[in-house]
Amino acid sequence: MLRYIIRRLLLIIPTMFFVALITFSLAHLAPGSPFDKNPNRPMSQETIDRISRFYGVDQPVPIQFITYIGNVVRGDFGISFTRRTPVVDIIGQGIGTTFQLGLGALAFALAFSLPLGIISALKQNTIVDYASMLVATIGTTIPGFVTAIFLIYLFGVTLHLLPFVGWGSWQHMIMPMFVLGLAPGAFLTRITRASMLEAVRQDYVRTARSKGLGERAVVIGHALKNALIPVATIIGPATAGLITGSFIIESLFNVPGMGRLYVISIVQRDYPTIMATTLLYAFLIMIANLTVDIVYGVLDPRIKVR
Amino acid sequence: MAQQLLEVKDLHTQFFTRDGVVHAVDGVSFELAAGETLGIVGESGCGKSVTALSLMRLIPIPPGKIVKGSIVFDGADVLKMDDDEVRGIRGNNIAMIFQDPMTSLNPVLTISRQISEALELHLKMDKSEARKRTIELLDLVGIPSAKKRVDDYPHQFSGGMRQRVMIAMALSCNPKLILADEPTTALDVTIQAQILDLLKNLAREFRTAFILITHDLGVVAGMTQRIHVMYGGKIVEKADTGELFANPKMPYTWGLLRSIPRLDERRKAKLLPIEGLPPDLIAPPPGCRFEPRCQYRRDVCREKEPELVHIPNAKPDHEARCWGTQEGGWLVDTDWRKEVGDTRVIEEIKQEVAQLPPEPKPGDVPPSPTAI
């Protein structure tokens, strides 16, 4: 097990290298540069050349890449072109907020999806089932930004119940967490329901009943653990999605997290910030996947980790 | 008659599907004394598994429902019990061994947990007692180094070993009756014999009655005292095992016997299959259920259904459901080994089957020979 985890952790290094390579190429392939002529802030060609030389963007892209990788290996992620502070510091300010938002949304998604999925499977084709499937369908089909705007209008502007700009108090967190967790939660509800329906039809559930176990023991003790295996597979990418997918929500609710920072840095061609955020996201996704694989092995004894 | 352990009377179990009501078990009655062994034989879809599941009220509701009849076990009607009482019987007084040991054990729970569960529930053992007993049971069913293997998961066992685990599980609370539903069908032939021996010996040792359900007459031959042959949701022949093999009295049983390879036959002797398809249990034939496939049929077979009655030229408790072999029938003196019936009828049945539309997709409902 330990060897497996170490090997998976080591595999992160080459993956990160390729993520860096592709992001770097794409960022530089995109037209424009961080020091484009700006009518509000006229700069002479001479100035632009000097700044470019200072930040090294006058070099050929492959040379820039090699320099960048060299710096990263030494732990230097560079200085933001637009804010003139180290990228690490900028990310450090946003990451806590993004994590709070992402994990809160995940907790919310799990808290409603698992019970709802299980109940609708057990009460298949009843009003309870139809109602929760309706909620799940609405949750998956309506995009987060639409829900967000609707909620802002309803609870923020009209009813004045919740603040909808910024971050800090728990009231600030409710709407963004709800909106962010809704879609993955709705999807998880469907998956839970489907895999629970599958599980309760299995022979071993009949065996469990034939032993005289009560319905609770049959469902929780025998069906649920099997039903959670496919659900766990989905939770991994969903977690990564919650952390990375937050930039629209962060922008809408003006949450000072990494997602908003990411969007701004792309618009401004702030190469060091783009690179650092992308690499961080890639790292988080890989850690999420690894966690799921480990949980998978715990849930399903048939899966041997090698 | 002495007090029976199990008395099933006029049991009707039906499945309500989109295509109609499937009469899976259609008026089955039989008795079983304590410690007695019974074989229920019939082809797929004849209602034998549904009968067994009905005895423990394990029919999924919906679509299934036990609509009529009584199942008196140890003096109490299982069908009149509330859910808690039924659960008190399941695993405790009646235990079941299922067909496929690969899927009947929970893949994510240890063997120890799966056996101990029933012990803790019914015999109120604590964890360590239950564990000790589990190891004893595994020893008993012949699992080598049971102590080491008790914490293994099902996938770490072979098919035969898993079926041994299932037997240990069934025996765990010392039930009065074990229902074994095709316990060896999913296993290799060599393992089959071992499992059957084990089941027989343990049942004898613990004086447990068992009902062995199988499609294979060869399997029940050495195993049970009596055999009931089922066809199309009904029992069509009841006899002692020796009597049934020596003196079968129903053309369906003849067909089953003809389709078993025999060691003492000539090498080149062909096995004779039963032509045609099992009856549609949504709209069963109005007369004898076997009539559409029977090589000895007459008009009366199509018009009226025969009762399960005592048969002449046979032992007193030998009963069959056939107009031909009943008192005054045309098959009373027929030797089934020599007279295969009307060969023209066989050709007819073959042609009717050939004209049937392609089989619908497999499901709970057997393919329907409505064209017949």
# chains A, B, ... in the order shown; residues from 1 in each chain; ligands from 1
>>> closest_atom_pairs(of="chain A", to="chain B", cutoff="7 Å", atoms="only C-alpha atoms", output="JSON lines")
{"residue": "A:Asp203", "atom": "CA", "partner": "B:Ser104", "partner_atom": "CA", "distance": 4.8}
{"residue": "A:Tyr204", "atom": "CA", "partner": "B:Ser104", "partner_atom": "CA", "distance": 4.2}
{"residue": "A:Thr207", "atom": "CA", "partner": "B:Ser104", "partner_atom": "CA", "distance": 6.0}
{"residue": "A:Ser210", "atom": "CA", "partner": "B:Arg90", "partner_atom": "CA", "distance": 5.4}
{"residue": "A:Lys211", "atom": "CA", "partner": "B:Gly91", "partner_atom": "CA", "distance": 4.0}
{"residue": "A:Gly212", "atom": "CA", "partner": "B:Arg87", "partner_atom": "CA", "distance": 4.3}
{"residue": "A:Leu213", "atom": "CA", "partner": "B:Arg87", "partner_atom": "CA", "distance": 6.6}
{"residue": "A:His222", "atom": "CA", "partner": "B:Asn106", "partner_atom": "CA", "distance": 6.9}
{"residue": "A:Asn226", "atom": "CA", "partner": "B:Val108", "partner_atom": "CA", "distance": 6.8}
{"residue": "A:Asp300", "atom": "CA", "partner": "B:Val108", "partner_atom": "CA", "distance": 5.6}
{"residue": "A:Pro301", "atom": "CA", "partner": "B:Val108", "partner_atom": "CA", "distance": 6.0}
{"residue": "A:Arg302", "atom": "CA", "partner": "B:His155", "partner_atom": "CA", "distance": 6.6}
>>> write_last_selection(atoms="C-alpha atoms", output="compact mmCIF listing (two decimals), in the first residue's frame")
# COMPACT_ATOMS: atom_id res chain seq x y z
CA ASP A 203 -28.09 -12.21 -5.20
CA TYR A 204 -26.17 -11.44 -2.03
CA THR A 207 -28.91 -14.15 0.70
CA SER A 210 -32.67 -15.32 3.66
CA LYS A 211 -30.61 -15.11 6.85
CA GLY A 212 -33.48 -13.28 8.49
CA LEU A 213 -31.81 -9.88 8.72
CA HIS A 222 -25.10 -5.37 2.65
CA ASN A 226 -21.46 -2.17 -2.63
CA ASP A 300 -13.78 -3.02 -2.36
CA PRO A 301 -11.49 -5.81 -1.16
CA ARG A 302 -11.35 -7.26 -4.68
>>> select_by_dssp(residues="segment 108-305 of chain A", states="alpha helix (DSSP H)", output="ChimeraX atom specification")
/A:108-122,127-141,144-151,170-200,203-210,215-216,225-244,247-252,258-267,271-299
>>> select_by_dssp(residues="segment 2-99 of chain B", states="strand (DSSP E or B)", output="VMD selection string")
chain B and resid 6 to 17 20 to 32 37 to 41 64 to 73 76 to 77 90 94 to 97
>>> residues_around(residues="segment 81-94 of chain A", least_positions_apart="6", cutoff="10 Å", atoms="only C-alpha atoms", output="ChimeraX atom specification")
/A:34-35,51,55,75,255-262,265,268-277,280
>>> atom_distance(atom1="atom CA of Arg302 of chain B", atom2="atom CA of Pro286 of chain B")
6.6 Å
>>> residues_around(residues="His228 of chain B", least_positions_apart="3", cutoff="8 Å", atoms="only C-alpha atoms", output="PyMOL selection string")
chain B and resi 38-41+235-239
>>> write_last_selection(atoms="C-alpha atoms", output="PDB file, in the first residue's frame")
ATOM      1  CA  LEU B  38     -37.199 -34.259  -1.167  1.00  0.00           C
ATOM      2  CA  GLY B  39     -36.083 -33.495  -4.699  1.00  0.00           C
ATOM      3  CA  ILE B  40     -37.967 -31.068  -6.911  1.00  0.00           C
ATOM      4  CA  VAL B  41     -37.023 -31.569 -10.544  1.00  0.00           C
ATOM      5  CA  ILE B 235     -46.335 -30.854  -9.823  1.00  0.00           C
ATOM      6  CA  VAL B 236     -46.878 -33.511 -12.493  1.00  0.00           C
ATOM      7  CA  GLU B 237     -45.484 -36.558 -10.751  1.00  0.00           C
ATOM      8  CA  LYS B 238     -44.734 -37.551  -7.154  1.00  0.00           C
ATOM      9  CA  ALA B 239     -42.966 -40.760  -6.198  1.00  0.00           C
TER      10      ALA B 239
END
>>> closest_residue(among="B:Ser128, B:Ser145, B:Gln192, B:Gln14", to="Pro62 of chain B", atoms="only C-alpha atoms")
B:Gln14
>>> residues_around(residues="Val179 of chain A", least_positions_apart="5", cutoff="7 Å", atoms="only C-alpha atoms", output="ChimeraX atom specification")
/A:144,147-148
>>> residues_around(residues="Gln326 of chain B", least_positions_apart="4", cutoff="10 Å", atoms="only C-alpha atoms", output="list in words")
Lys249, Met250, Pro306, Glu307, Leu308, Val309, His310, Ile311, Pro312, Asn313, Glu319, Ala320, Arg321, Cys322, Trp330, Leu331 and Val332 of chain B
>>> atom_distance(atom1="atom CA of Val189 of chain B", atom2="atom CA of Leu137 of chain B")
24.3 Å
>>> atom_distance(atom1="atom CA of Gly69 of chain B", atom2="atom CA of Asp10 of chain B")
4.7 Å
>>> residues_around(residues="Val150 of chain B", least_positions_apart="2", cutoff="9 Å", atoms="only C-alpha atoms", output="list of chain:residue names")
B:Thr110, B:Ile111, B:Ser112, B:Arg113, B:Arg131, B:Thr134, B:Ile135, B:Leu138, B:Ser145, B:Ala146, B:Lys147, B:Lys148, B:Asp152, B:Tyr153
